[in-house]
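Pasting my_file-v3.cif here (mmCIF, C-alpha atoms):
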```cif
data_protein
#
loop_
_atom_site.label_atom_id
_atom_site.label_comp_id
_atom_site.auth_asym_id
_atom_site.auth_seq_id
_atom_site.Cartn_x
_atom_site.Cartn_y
_atom_site.Cartn_z
CA MET A 30 -24.33 11.15 -18.09
CA ASP A 31 -21.20 13.09 -17.19
CA THR A 32 -22.26 13.23 -13.57
CA LEU A 33 -21.59 11.67 -10.20
CA VAL A 34 -24.96 11.43 -8.51
CA ILE A 35 -25.25 10.39 -4.89
CA THR A 36 -28.79 9.83 -3.67
CA ASN A 37 -29.81 9.45 -0.03
CA LEU A 38 -26.61 7.64 0.92
CA HIS A 39 -26.65 5.85 4.26
CA ALA A 40 -23.60 3.95 5.41
CA GLY A 41 -21.91 2.77 8.55
CA THR A 42 -19.40 0.41 10.05
CA LYS A 43 -19.69 -3.35 9.75
CA GLU A 44 -20.53 -3.37 13.45
CA GLY A 45 -23.68 -1.43 12.63
CA LYS A 46 -22.80 2.10 13.69
CA GLU A 47 -24.47 4.48 11.24
CA ILE A 48 -22.24 7.35 10.10
CA LEU A 49 -23.72 8.71 6.86
CA GLN A 50 -27.38 9.52 7.35
CA GLY A 51 -28.72 10.38 3.95
CA ILE A 52 -26.29 12.38 1.79
CA SER A 53 -27.47 13.54 -1.63
CA LEU A 54 -25.17 15.37 -3.99
CA THR A 55 -24.77 15.81 -7.75
CA ILE A 56 -21.40 16.69 -9.27
CA LYS A 57 -21.02 17.51 -12.94
CA LYS A 58 -17.79 17.25 -14.89
CA GLY A 59 -15.94 20.54 -14.67
CA GLU A 60 -17.31 21.34 -11.22
CA ILE A 61 -15.39 21.58 -7.98
CA HIS A 62 -17.32 20.82 -4.80
CA ALA A 63 -15.79 21.29 -1.38
CA ILE A 64 -17.02 19.34 1.61
CA MET A 65 -16.27 20.96 4.92
CA GLY A 66 -17.27 20.19 8.45
CA PRO A 67 -16.13 19.40 11.97
CA ASN A 68 -14.03 16.35 12.82
CA GLY A 69 -16.10 13.23 13.25
CA GLY A 70 -18.90 14.58 11.09
CA GLY A 71 -18.48 11.91 8.42
CA LYS A 72 -16.48 13.74 5.74
CA SER A 73 -13.75 11.11 5.39
CA THR A 74 -16.22 8.26 5.72
CA PHE A 75 -18.15 9.78 2.83
CA ALA A 76 -14.98 9.79 0.68
CA GLN A 77 -14.11 6.21 1.60
CA VAL A 78 -17.63 4.88 1.11
CA LEU A 79 -17.74 6.39 -2.38
CA MET A 80 -14.60 4.39 -3.29
CA GLY A 81 -15.81 1.15 -1.64
CA HIS A 82 -13.73 0.97 1.54
CA PRO A 83 -13.98 -2.54 3.05
CA ASP A 84 -14.66 -1.27 6.58
CA TYR A 85 -18.00 0.33 5.67
CA VAL A 86 -21.35 -0.95 4.52
CA ILE A 87 -23.85 1.01 2.46
CA THR A 88 -27.25 0.44 4.00
CA LYS A 89 -29.38 2.66 1.78
CA GLY A 90 -29.07 4.91 -1.22
CA VAL A 91 -27.47 4.87 -4.67
CA ILE A 92 -24.25 6.13 -6.24
CA ARG A 93 -24.38 6.66 -10.00
CA LEU A 94 -21.32 7.48 -12.07
CA ASN A 95 -21.89 8.55 -15.67
CA GLY A 96 -25.31 6.93 -15.42
CA LYS A 97 -24.03 3.59 -14.08
CA ASN A 98 -25.02 2.30 -10.68
CA ILE A 99 -21.71 1.71 -8.88
CA THR A 100 -23.16 1.27 -5.38
CA MET A 101 -22.27 -2.41 -5.13
CA MET A 102 -19.11 -2.38 -7.22
CA THR A 103 -15.66 -3.32 -5.91
CA PRO A 104 -13.09 -0.51 -5.65
CA ASP A 105 -11.27 -1.58 -8.83
CA GLN A 106 -14.53 -1.60 -10.81
CA ARG A 107 -15.34 1.90 -9.55
CA ALA A 108 -11.86 3.04 -10.60
CA LYS A 109 -12.43 1.59 -14.06
CA GLN A 110 -15.68 3.53 -14.31
CA GLY A 111 -13.64 6.69 -13.77
CA LEU A 112 -13.54 7.31 -10.01
CA PHE A 113 -10.42 8.21 -8.06
CA LEU A 114 -9.77 8.68 -4.35
CA GLY A 115 -6.79 10.62 -3.09
CA PHE A 116 -6.26 9.14 0.35
CA GLN A 117 -5.99 11.14 3.53
CA TYR A 118 -3.44 8.59 4.71
CA PRO A 119 -1.82 7.02 1.64
CA VAL A 120 -0.77 3.43 2.33
CA GLU A 121 2.89 2.35 2.21
CA ILE A 122 3.39 -0.77 0.11
CA ALA A 123 6.75 -2.41 0.76
CA GLY A 124 8.77 -3.60 -2.22
CA VAL A 125 6.32 -2.35 -4.86
CA ASN A 126 7.88 0.02 -7.38
CA PHE A 127 5.83 3.23 -7.65
CA GLY A 128 6.30 3.66 -11.40
CA ASN A 129 5.58 0.03 -12.31
CA PHE A 130 2.48 0.08 -10.17
CA LEU A 131 1.20 3.33 -11.65
CA ARG A 132 1.77 2.17 -15.21
CA MET A 133 0.01 -1.10 -14.39
CA ALA A 134 -2.93 0.88 -12.97
CA ILE A 135 -3.12 3.09 -16.06
CA ASN A 136 -3.06 0.09 -18.39
CA GLU A 137 -5.62 -1.72 -16.29
CA GLN A 138 -8.00 1.19 -16.73
CA ARG A 139 -7.37 1.54 -20.43
CA ASP A 140 -9.30 -1.61 -21.23
CA LEU A 141 -12.71 -0.31 -20.32
CA THR A 142 -12.65 3.42 -20.23
CA LEU A 143 -14.71 5.68 -22.35
CA GLY A 144 -14.78 9.30 -23.31
CA THR A 145 -11.97 11.58 -22.34
CA ARG A 146 -9.31 9.00 -21.71
CA VAL A 147 -7.04 7.37 -24.25
CA LYS A 148 -7.53 3.66 -24.74
CA LYS A 149 -4.07 2.71 -25.89
CA LYS A 150 -1.75 0.99 -23.40
CA VAL A 151 1.10 3.17 -22.28
CA SER A 152 4.67 2.03 -22.93
CA PRO A 153 7.44 2.50 -20.34
CA ILE A 154 8.93 5.33 -22.40
CA ALA A 155 5.63 7.11 -22.96
CA PHE A 156 4.94 6.71 -19.26
CA ARG A 157 8.26 8.31 -18.34
CA ASN A 158 7.65 11.21 -20.67
CA GLN A 159 4.25 11.83 -19.16
CA VAL A 160 5.26 11.46 -15.54
CA GLU A 161 8.37 13.64 -15.62
CA PRO A 162 6.76 17.06 -16.11
CA ILE A 163 4.03 16.30 -13.57
CA ALA A 164 6.56 15.10 -11.00
CA LYS A 165 8.56 18.26 -11.60
CA SER A 166 5.63 20.59 -11.19
CA LEU A 167 4.93 18.90 -7.84
CA GLY A 168 8.50 19.55 -6.74
CA PHE A 169 9.52 15.89 -7.05
CA SER A 170 12.58 14.62 -8.84
CA GLU A 171 11.61 12.21 -11.64
CA GLU A 172 13.36 9.57 -9.55
CA VAL A 173 10.27 9.48 -7.34
CA VAL A 174 8.71 6.76 -9.50
CA LYS A 175 11.73 4.53 -8.90
CA ARG A 176 11.01 4.44 -5.17
CA PHE A 177 8.75 1.94 -3.44
CA LEU A 178 5.13 3.04 -3.30
CA ASN A 179 4.82 5.64 -0.52
CA GLN A 180 7.45 3.79 1.50
CA GLY A 181 9.62 6.19 3.43
CA PHE A 182 7.82 9.18 1.87
CA SER A 183 7.38 12.18 4.15
CA GLY A 184 3.82 13.25 4.96
CA GLY A 185 3.95 15.94 2.28
CA GLU A 186 5.47 13.62 -0.32
CA LYS A 187 2.67 11.13 0.23
CA LYS A 188 0.03 13.79 -0.38
CA LYS A 189 1.77 15.03 -3.51
CA ALA A 190 2.19 11.47 -4.77
CA GLU A 191 -1.60 11.10 -4.63
CA ILE A 192 -1.95 14.12 -6.90
CA LEU A 193 0.68 12.66 -9.22
CA GLN A 194 -1.41 9.50 -9.50
CA LEU A 195 -4.55 11.57 -10.11
CA ALA A 196 -2.87 13.51 -12.90
CA MET A 197 -1.62 10.32 -14.56
CA LEU A 198 -4.86 8.33 -14.21
CA ARG A 199 -7.07 11.22 -15.41
CA PRO A 200 -10.30 10.07 -13.76
CA ASP A 201 -13.70 11.50 -14.65
CA PHE A 202 -14.34 12.19 -10.97
CA ALA A 203 -11.76 12.63 -8.24
CA ILE A 204 -12.30 12.72 -4.51
CA LEU A 205 -9.49 14.25 -2.50
CA ASP A 206 -9.69 13.46 1.19
CA GLU A 207 -7.98 16.25 3.11
CA PRO A 208 -5.17 16.71 0.60
CA ASP A 209 -4.05 19.76 2.58
CA SER A 210 -3.43 18.29 6.03
CA GLY A 211 0.23 18.50 6.94
CA LEU A 212 1.23 20.47 3.83
CA ASP A 213 3.19 23.70 3.76
CA VAL A 214 2.18 26.62 1.55
CA ASP A 215 4.56 25.66 -1.29
CA ALA A 216 3.18 22.14 -1.48
CA LEU A 217 -0.38 23.51 -1.46
CA ARG A 218 0.46 25.72 -4.41
CA TYR A 219 2.04 22.79 -6.30
CA ILE A 220 -1.10 20.76 -5.77
CA GLY A 221 -3.35 23.63 -6.84
CA ASP A 222 -1.26 24.24 -9.96
CA VAL A 223 -1.29 20.60 -11.05
CA ILE A 224 -5.05 20.27 -10.53
CA GLN A 225 -5.64 23.42 -12.56
CA SER A 226 -3.31 22.27 -15.32
CA LEU A 227 -5.35 19.12 -16.05
CA ASP A 228 -6.61 19.86 -19.53
CA TYR A 229 -9.84 17.87 -19.58
CA PRO A 230 -13.17 18.24 -17.79
CA PHE A 231 -13.41 16.27 -14.57
CA GLY A 232 -15.43 16.61 -11.40
CA LEU A 233 -13.67 17.21 -8.11
CA LEU A 234 -14.91 16.53 -4.61
CA LEU A 235 -12.54 18.19 -2.21
CA ILE A 236 -12.81 17.23 1.43
CA THR A 237 -11.16 19.61 3.80
CA HIS A 238 -11.22 20.85 7.33
CA TYR A 239 -9.72 24.23 6.51
CA GLN A 240 -10.49 26.96 4.05
CA ARG A 241 -6.78 27.46 3.25
CA ILE A 242 -6.62 25.05 0.31
CA LEU A 243 -9.61 26.74 -1.31
CA HIS A 244 -7.36 29.70 -2.14
CA TYR A 245 -5.45 27.35 -4.45
CA ILE A 246 -8.36 25.29 -5.70
CA LYS A 247 -11.44 27.47 -6.04
CA PRO A 248 -14.67 25.57 -5.46
CA HIS A 249 -17.92 26.26 -7.29
CA PHE A 250 -19.91 24.82 -4.41
CA VAL A 251 -19.29 24.35 -0.69
CA HIS A 252 -21.22 21.88 1.45
CA ILE A 253 -21.14 21.59 5.21
CA VAL A 254 -21.40 18.02 6.51
CA VAL A 255 -22.37 17.52 10.14
CA LYS A 256 -23.43 14.24 11.75
CA GLY A 257 -23.47 12.44 8.41
CA LYS A 258 -25.71 14.94 6.60
CA ILE A 259 -25.25 17.98 4.39
CA VAL A 260 -26.64 20.73 6.60
CA LYS A 261 -25.88 23.67 4.34
CA SER A 262 -24.74 24.27 0.76
CA GLY A 263 -23.55 27.45 -0.83
CA ASP A 264 -20.79 29.02 -2.88
CA GLU A 265 -17.22 29.99 -1.96
CA ASN A 266 -18.49 32.53 0.53
CA LEU A 267 -19.86 29.77 2.74
CA ALA A 268 -16.30 28.54 3.32
CA LYS A 269 -15.24 32.03 4.44
CA GLU A 270 -18.27 32.26 6.66
CA VAL A 271 -17.57 29.04 8.55
CA GLU A 272 -13.92 29.96 8.85
CA GLU A 273 -15.04 32.99 10.83
CA THR A 274 -18.00 31.65 12.73
CA GLY A 275 -17.06 27.98 13.11
CA TYR A 276 -19.34 24.97 12.78
CA GLU A 277 -21.07 25.37 16.11
CA GLN A 278 -24.21 26.91 14.68
CA TYR A 279 -24.78 23.70 12.68
CA LEU A 280 -24.28 21.24 15.51
CA MET B 30 20.48 -32.59 7.84
CA ASN B 31 22.97 -30.11 6.50
CA GLU B 32 26.05 -29.39 8.56
CA ILE B 33 28.08 -26.43 7.45
CA ILE B 34 31.34 -25.21 8.92
CA VAL B 35 32.53 -21.71 8.10
CA LYS B 36 36.26 -21.18 8.44
CA GLU B 37 38.43 -18.20 9.28
CA ASN B 38 37.50 -15.10 7.25
CA GLU B 39 35.26 -17.16 4.99
CA GLN B 40 32.09 -15.43 3.83
CA LEU B 41 29.31 -17.80 2.96
CA VAL B 42 25.99 -16.88 1.35
CA LEU B 43 23.39 -19.61 1.43
CA PRO B 44 20.21 -19.03 -0.59
CA VAL B 45 17.59 -21.68 0.04
CA LEU B 46 14.38 -21.88 -1.93
CA TRP B 47 11.57 -24.17 -0.80
CA THR B 48 8.67 -24.74 -3.16
CA GLY B 49 7.07 -27.68 -1.46
CA GLU B 50 9.19 -30.76 -2.17
CA GLU B 51 10.71 -31.36 1.27
CA THR B 52 8.77 -31.67 4.52
CA GLU B 53 11.73 -31.04 6.77
CA LEU B 54 14.94 -29.08 6.39
CA VAL B 55 17.63 -28.84 9.05
CA TYR B 56 20.66 -26.59 8.81
CA THR B 57 23.39 -26.55 11.43
CA ILE B 58 25.92 -23.83 10.78
CA LEU B 59 29.10 -23.43 12.79
CA LEU B 60 31.11 -20.23 12.55
CA GLN B 61 34.36 -21.82 13.59
CA GLY B 62 37.11 -19.42 12.55
CA LYS B 63 37.73 -15.76 13.37
CA GLY B 64 35.95 -13.37 11.04
CA ALA B 65 33.74 -16.11 9.56
CA SER B 66 30.40 -14.91 8.24
CA VAL B 67 27.21 -16.51 6.99
CA THR B 68 24.14 -15.07 5.28
CA PHE B 69 21.24 -17.51 5.14
CA LEU B 70 18.37 -16.47 2.86
CA GLY B 71 15.36 -18.70 3.07
CA LEU B 72 12.50 -18.21 0.65
CA LEU B 73 9.61 -20.52 1.43
CA LEU B 74 6.65 -20.75 -0.94
CA GLY B 75 3.87 -23.16 -0.16
CA ASN B 76 0.52 -24.05 -1.62
CA GLU B 77 -1.98 -26.94 -1.54
CA ASN B 78 -1.17 -29.14 1.48
CA GLN B 79 2.56 -28.57 1.47
CA GLY B 80 4.17 -28.27 4.86
CA LEU B 81 7.69 -27.58 6.04
CA LYS B 82 9.55 -27.81 9.32
CA LEU B 83 12.64 -25.68 9.05
CA LYS B 84 15.22 -25.73 11.79
CA ILE B 85 18.29 -23.54 11.63
CA THR B 86 20.98 -23.44 14.27
CA VAL B 87 23.87 -21.02 13.96
CA THR B 88 26.72 -21.32 16.45
CA HIS B 89 29.21 -18.50 16.84
CA ARG B 90 32.38 -20.05 18.22
CA ALA B 91 35.07 -17.57 17.24
CA GLU B 92 35.69 -13.83 17.56
CA ASN B 93 34.27 -11.28 15.13
CA THR B 94 31.92 -13.71 13.45
CA THR B 95 28.75 -12.53 11.72
CA SER B 96 25.48 -14.26 10.97
CA ASN B 97 22.44 -12.98 9.12
CA VAL B 98 19.49 -15.33 8.85
CA ILE B 99 16.50 -14.01 6.92
CA ILE B 100 13.43 -16.10 6.21
CA LYS B 101 10.51 -14.94 4.09
CA SER B 102 7.55 -17.10 3.34
CA ALA B 103 4.31 -16.79 1.40
CA LEU B 104 1.77 -19.50 2.14
CA ALA B 105 -1.31 -20.17 0.03
CA ASP B 106 -4.13 -22.74 0.32
CA ALA B 107 -3.59 -25.08 3.30
CA SER B 108 0.19 -24.90 3.30
CA SER B 109 2.18 -24.41 6.47
CA VAL B 110 5.63 -23.56 7.75
CA PHE B 111 7.05 -24.14 11.19
CA PHE B 112 10.30 -22.28 11.61
CA ASP B 113 12.59 -22.84 14.54
CA GLY B 114 15.70 -20.68 14.55
CA LEU B 115 18.44 -20.65 17.14
CA ILE B 116 21.50 -18.42 17.34
CA LYS B 117 24.10 -19.55 19.88
CA ILE B 118 26.92 -17.27 20.82
CA GLU B 119 29.55 -19.12 22.80
CA LYS B 120 31.74 -17.68 25.51
CA GLY B 121 34.74 -16.03 23.91
CA ALA B 122 33.05 -15.14 20.59
CA LYS B 123 33.73 -11.47 21.19
CA GLY B 124 32.75 -8.89 18.59
CA THR B 125 30.08 -11.17 17.17
CA SER B 126 27.12 -9.78 15.30
CA ALA B 127 23.98 -11.85 14.75
CA TRP B 128 20.57 -11.18 13.21
CA LEU B 129 17.64 -13.54 12.83
CA GLY B 130 14.53 -12.38 11.00
CA ALA B 131 11.52 -14.42 9.94
CA HIS B 132 8.46 -13.04 8.16
CA LEU B 133 5.59 -15.28 7.14
CA LEU B 134 2.72 -14.05 5.00
CA LEU B 135 -0.47 -16.11 5.08
CA LEU B 136 -2.43 -15.86 1.84
CA SER B 137 -5.47 -17.88 2.81
CA GLU B 138 -7.65 -18.64 5.80
CA LYS B 139 -6.30 -22.19 5.96
CA SER B 140 -2.58 -21.52 5.70
CA ARG B 141 -0.59 -21.58 8.91
CA GLY B 142 2.77 -20.31 10.02
CA ILE B 143 4.75 -20.37 13.22
CA ALA B 144 8.11 -18.71 13.71
CA VAL B 145 10.15 -19.23 16.85
CA PRO B 146 13.40 -17.30 17.03
CA ASN B 147 15.77 -18.05 19.90
CA LEU B 148 18.98 -16.46 21.03
CA GLU B 149 21.38 -18.20 23.43
CA ILE B 150 24.09 -15.78 24.42
CA LEU B 151 27.06 -16.61 26.65
CA GLU B 152 29.27 -13.67 25.70
CA ASN B 153 28.73 -10.01 26.56
CA ASP B 154 30.70 -8.18 23.90
CA ILE B 155 28.31 -8.88 21.02
CA LYS B 156 25.40 -7.46 19.00
CA ALA B 157 22.40 -9.67 18.42
CA GLY B 158 18.76 -9.27 17.51
CA HIS B 159 15.73 -11.04 16.14
CA ALA B 160 12.34 -10.28 14.63
CA ALA B 161 9.49 -12.54 13.67
CA THR B 162 6.11 -11.76 12.12
CA VAL B 163 3.26 -13.91 10.91
CA GLY B 164 0.46 -12.04 9.20
CA ARG B 165 -2.10 -11.74 6.47
CA ILE B 166 -2.39 -9.32 3.58
CA ASN B 167 -3.47 -6.02 5.00
CA ASP B 168 -7.00 -4.96 3.94
CA LEU B 169 -5.95 -1.34 3.62
CA GLU B 170 -3.06 -2.16 1.29
CA LEU B 171 -5.47 -4.17 -0.82
CA PHE B 172 -8.06 -1.36 -0.86
CA TYR B 173 -5.40 1.17 -1.82
CA LEU B 174 -4.17 -0.84 -4.82
CA MET B 175 -7.70 -1.76 -5.90
CA SER B 176 -8.79 1.87 -5.71
CA ARG B 177 -6.37 2.48 -8.59
CA GLY B 178 -8.09 -0.11 -10.74
CA LEU B 179 -6.16 -3.30 -10.00
CA PRO B 180 -8.42 -6.35 -9.58
CA GLU B 181 -8.09 -8.18 -6.26
CA GLY B 182 -5.94 -11.00 -7.66
CA LYS B 183 -3.42 -8.68 -9.27
CA ALA B 184 -3.31 -6.46 -6.20
CA LYS B 185 -2.57 -9.46 -3.97
CA GLU B 186 0.11 -10.70 -6.35
CA LEU B 187 1.76 -7.30 -6.26
CA ILE B 188 1.72 -7.21 -2.45
CA VAL B 189 3.27 -10.68 -2.24
CA GLU B 190 5.93 -9.85 -4.80
CA GLY B 191 6.67 -6.65 -2.92
CA PHE B 192 6.91 -8.58 0.33
CA LEU B 193 9.42 -10.99 -1.22
CA GLU B 194 11.22 -8.35 -3.28
CA SER B 195 14.11 -7.68 -0.91
CA MET B 196 14.85 -11.40 -0.86
CA LEU B 197 14.35 -12.10 -4.57
CA LYS B 198 16.98 -9.66 -5.69
CA GLU B 199 19.57 -11.57 -3.63
CA PHE B 200 18.74 -14.83 -5.37
CA PRO B 201 20.36 -16.25 -8.51
CA LYS B 202 18.29 -15.96 -11.70
CA GLU B 203 17.28 -19.60 -12.05
CA MET B 204 15.78 -19.48 -8.57
CA ASN B 205 13.83 -16.39 -9.53
CA ASP B 206 12.40 -18.23 -12.51
CA LYS B 207 11.29 -21.02 -10.22
CA VAL B 208 9.61 -18.49 -7.95
CA ALA B 209 7.80 -16.97 -10.92
CA GLN B 210 6.50 -20.41 -11.90
CA LYS B 211 5.24 -20.98 -8.39
CA PHE B 212 3.41 -17.67 -8.44
CA LEU B 213 1.68 -18.54 -11.67
CA LYS B 214 0.54 -21.82 -10.15
CA ASN B 215 -1.09 -19.99 -7.25
#
```

Written form, structure tokens:
Amino acid sequence: MDTLVITNLHAGTKEGKEILQGISLTIKKGEIHAIMGPNGGGKSTFAQVLMGHPDYVITKGVIRLNGKNITMMTPDQRAKQGLFLGFQYPVEIAGVNFGNFLRMAINEQRDLTLGTRVKKKVSPIAFRNQVEPIAKSLGFSEEVVKRFLNQGFSGGEKKKAEILQLAMLRPDFAILDEPDSGLDVDALRYIGDVIQSLDYPFGLLLITHYQRILHYIKPHFVHIVVKGKIVKSGDENLAKEVEETGYEQYL
Amino acid sequence: MNEIIVKENEQLVLPVLWTGEETELVYTILLQGKGASVTFLGLLLGNENQGLKLKITVTHRAENTTSNVIIKSALADASSVFFDGLIKIEKGAKGTSAWLGAHLLLLSEKSRGIAVPNLEILENDIKAGHAATVGRINDLELFYLMSRGLPEGKAKELIVEGFLESMLKEFPKEMNDKVAQKFLKN
């Protein structure tokens, strides 16, 4: 319990191209794991496969969340079990009000969830009161939830809006897929601050190409993924090491 | 067949909601007087075996006339829409502005939609444009909403409502109620 356990995960495209070639990883609540690696190594695929992306097929291995086998679950079922994915490229949904959608998502998850999360449905007023301070600490005006979901958001706004959703949904385990790409230093700090301010234990899997974000979100563990496998694991110092020496030695 | 003549400086808004009763609708709109303007909003919702042929012809005959034709359609089950839109701008209709947009969303494998926008322009001093799309619900949009815990059905409903949103807010309330009923049926 209280873990996300990935065992010997193999996955690929529907066309049969294998991308993940046996990833095993255990994340406990309260831990921050960073996944680093060269482009095309399978980092983002790993994130998307964990959430149940329709373009990929799991061919071998098991994903267990809080003891439950979620390997074959649909994305919404995984979310209800307490998993969250912050997208590398958040999707624009025309005509869908951000706030209404987010409140709907929170209420949808309240039916089943256990443990750290509250089970009561959230009213529009309670929702507003919760969202305002988080929006503010991300440098958003509270008006952000009145906009259409990601539509017309700048690159940075989209990334911050993912963190806003994370903070409101309070998942047991969050995967953030390159939350730092395209962000300036201020936005990075906002994101780091909000993640650190979450006052409950959750596990974080942070996928990044650069070490920069790790100044704002300090990982307990760093894993290097190359060609669909974890080739090396270590602590924070591993991130500094690859920043200096590059990934070539692992290729 | 509906023939509509718009007179000098008249501004006409025409909201049309189709929920499956008719099989053919024809609108012929003539912008006859200077400064006449028409906004045609077509909301087409089909399910089961419902099918519609919609033909709209807008003729700009006078100076400074404006037309805005916007069609949005959501098609479930084996329903279908064939839309044929024609904007004619006659010689002498200077300063005319015309837009024709048609967007059809197919909600099932069996639903079908065709949109054919045409412009026939005999005057140079005008602005005119058209856009037509026929498509299905995007897998990535669906994955995104589901990843936040919405079941597939609710996620699809939200995408369809979002797709129709810009049109719905232009419609009178009783039409909105009818749309809501249609959604529940699907």

If the PyMOL selection byres ((chain A) within 9 of (chain B)) is run on the structure shown, which residues does it catch, given as a PyMOL selection string? chain A and resi 80-84+103-109+112-114+116+119-126+130-131+133-135+137-138+177+194+198

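Summary of the local environment: counting all atoms listed in the file, residues at most 10 Å from Glu119 of chain B, other than itself and those fewer than 6 positions away along its chain, are B:Thr88, B:His89, B:Arg90, B:Ala91, B:Glu92, B:Thr125, B:Glu149, B:Ile150, B:Leu151, B:Glu152, B:Asn153.
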
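Taking atom CA of Glu270 of chain A and atom CA of Glu191 of chain A as the two end points, the separation is 29.2 Å.
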
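Here atom CA of Gly80 of chain B stands at a distance of 26.2 Å from atom CA of Ser96 of chain B.
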
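The space separating atom CA of Ile87 of chain A from atom CA of His39 of chain A comes to 5.9 Å.
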
Smallest atom-to-atom distance to Lys207 of chain B: which of B:Ala103, B:Leu136, B:Leu43, B:Leu74, using only C-alpha atoms? B:Leu74

Target residues per the PyMOL selection byres ((chain B and resi 75-78) around 6), formatted as a list of chain:residue names: B:Thr48, B:Gly49, B:Leu74, B:Gln79, B:Leu104, B:Ala105, B:Asp106, B:Ala107, B:Ser108

Write out as an mmCIF file with C-alpha atoms, in the coordinates of the input which residues come within 7 Å of segment 241-258 of chain A when counting only C-alpha atoms, dropping same-chain ones fewer than 4 positions away.
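Result file part14.cif:
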```cif
data_model
loop_
_atom_site.group_PDB
_atom_site.id
_atom_site.type_symbol
_atom_site.label_atom_id
_atom_site.label_comp_id
_atom_site.auth_asym_id
_atom_site.auth_seq_id
_atom_site.Cartn_x
_atom_site.Cartn_y
_atom_site.Cartn_z
ATOM 1 C CA ILE A 48 -22.240 7.350 10.100
ATOM 2 C CA LEU A 49 -23.720 8.710 6.860
ATOM 3 C CA GLN A 50 -27.380 9.520 7.350
ATOM 4 C CA GLY A 51 -28.720 10.380 3.950
ATOM 5 C CA ILE A 52 -26.290 12.380 1.790
ATOM 6 C CA GLU A 60 -17.310 21.340 -11.220
ATOM 7 C CA ILE A 61 -15.390 21.580 -7.980
ATOM 8 C CA HIS A 62 -17.320 20.820 -4.800
ATOM 9 C CA ALA A 63 -15.790 21.290 -1.380
ATOM 10 C CA ILE A 64 -17.020 19.340 1.610
ATOM 11 C CA MET A 65 -16.270 20.960 4.920
ATOM 12 C CA GLY A 66 -17.270 20.190 8.450
ATOM 13 C CA PRO A 67 -16.130 19.400 11.970
ATOM 14 C CA GLY A 70 -18.900 14.580 11.090
ATOM 15 C CA GLY A 71 -18.480 11.910 8.420
ATOM 16 C CA LYS A 72 -16.480 13.740 5.740
ATOM 17 C CA ASP A 209 -4.050 19.760 2.580
ATOM 18 C CA LEU A 217 -0.380 23.510 -1.460
ATOM 19 C CA ARG A 218 0.460 25.720 -4.410
ATOM 20 C CA GLY A 221 -3.350 23.630 -6.840
ATOM 21 C CA SER A 262 -24.740 24.270 0.760
ATOM 22 C CA GLY A 263 -23.550 27.450 -0.830
ATOM 23 C CA ASP A 264 -20.790 29.020 -2.880
ATOM 24 C CA GLU A 265 -17.220 29.990 -1.960
ATOM 25 C CA LEU A 267 -19.860 29.770 2.740
ATOM 26 C CA ALA A 268 -16.300 28.540 3.320
ATOM 27 C CA LEU A 280 -24.280 21.240 15.510
#
```

Could you give me segment 251-261 of chain A completed to N, CA and C atoms, formatted as a PDB file, in the frame of the given file?
```
ATOM      1  N   VAL A 251     -19.799  24.773  -1.998  1.00  0.00           N
ATOM      2  CA  VAL A 251     -19.290  24.350  -0.690  1.00  0.00           C
ATOM      3  C   VAL A 251     -20.452  23.727   0.083  1.00  0.00           C
ATOM      4  N   HIS A 252     -20.194  22.548   0.655  1.00  0.00           N
ATOM      5  CA  HIS A 252     -21.220  21.880   1.450  1.00  0.00           C
ATOM      6  C   HIS A 252     -20.682  21.625   2.851  1.00  0.00           C
ATOM      7  N   ILE A 253     -21.543  21.866   3.832  1.00  0.00           N
ATOM      8  CA  ILE A 253     -21.140  21.590   5.210  1.00  0.00           C
ATOM      9  C   ILE A 253     -21.769  20.265   5.638  1.00  0.00           C
ATOM     10  N   VAL A 254     -20.899  19.315   6.055  1.00  0.00           N
ATOM     11  CA  VAL A 254     -21.400  18.020   6.510  1.00  0.00           C
ATOM     12  C   VAL A 254     -21.243  17.925   8.028  1.00  0.00           C
ATOM     13  N   VAL A 255     -22.371  17.691   8.693  1.00  0.00           N
ATOM     14  CA  VAL A 255     -22.370  17.520  10.140  1.00  0.00           C
ATOM     15  C   VAL A 255     -23.222  16.296  10.465  1.00  0.00           C
ATOM     16  N   LYS A 256     -22.707  15.455  11.339  1.00  0.00           N
ATOM     17  CA  LYS A 256     -23.430  14.240  11.750  1.00  0.00           C
ATOM     18  C   LYS A 256     -23.964  13.440  10.562  1.00  0.00           C
ATOM     19  N   GLY A 257     -23.127  13.323   9.538  1.00  0.00           N
ATOM     20  CA  GLY A 257     -23.470  12.440   8.410  1.00  0.00           C
ATOM     21  C   GLY A 257     -24.498  12.996   7.445  1.00  0.00           C
ATOM     22  N   LYS A 258     -24.745  14.321   7.528  1.00  0.00           N
ATOM     23  CA  LYS A 258     -25.710  14.940   6.600  1.00  0.00           C
ATOM     24  C   LYS A 258     -25.144  16.253   6.084  1.00  0.00           C
ATOM     25  N   ILE A 259     -25.573  16.629   4.868  1.00  0.00           N
ATOM     26  CA  ILE A 259     -25.250  17.980   4.390  1.00  0.00           C
ATOM     27  C   ILE A 259     -26.248  18.937   5.040  1.00  0.00           C
ATOM     28  N   VAL A 260     -25.727  19.827   5.885  1.00  0.00           N
ATOM     29  CA  VAL A 260     -26.640  20.730   6.600  1.00  0.00           C
ATOM     30  C   VAL A 260     -26.770  22.080   5.909  1.00  0.00           C
ATOM     31  N   LYS A 261     -25.778  22.409   5.069  1.00  0.00           N
ATOM     32  CA  LYS A 261     -25.880  23.670   4.340  1.00  0.00           C
ATOM     33  C   LYS A 261     -25.029  23.599   3.080  1.00  0.00           C
TER      34      LYS A 261
END
```
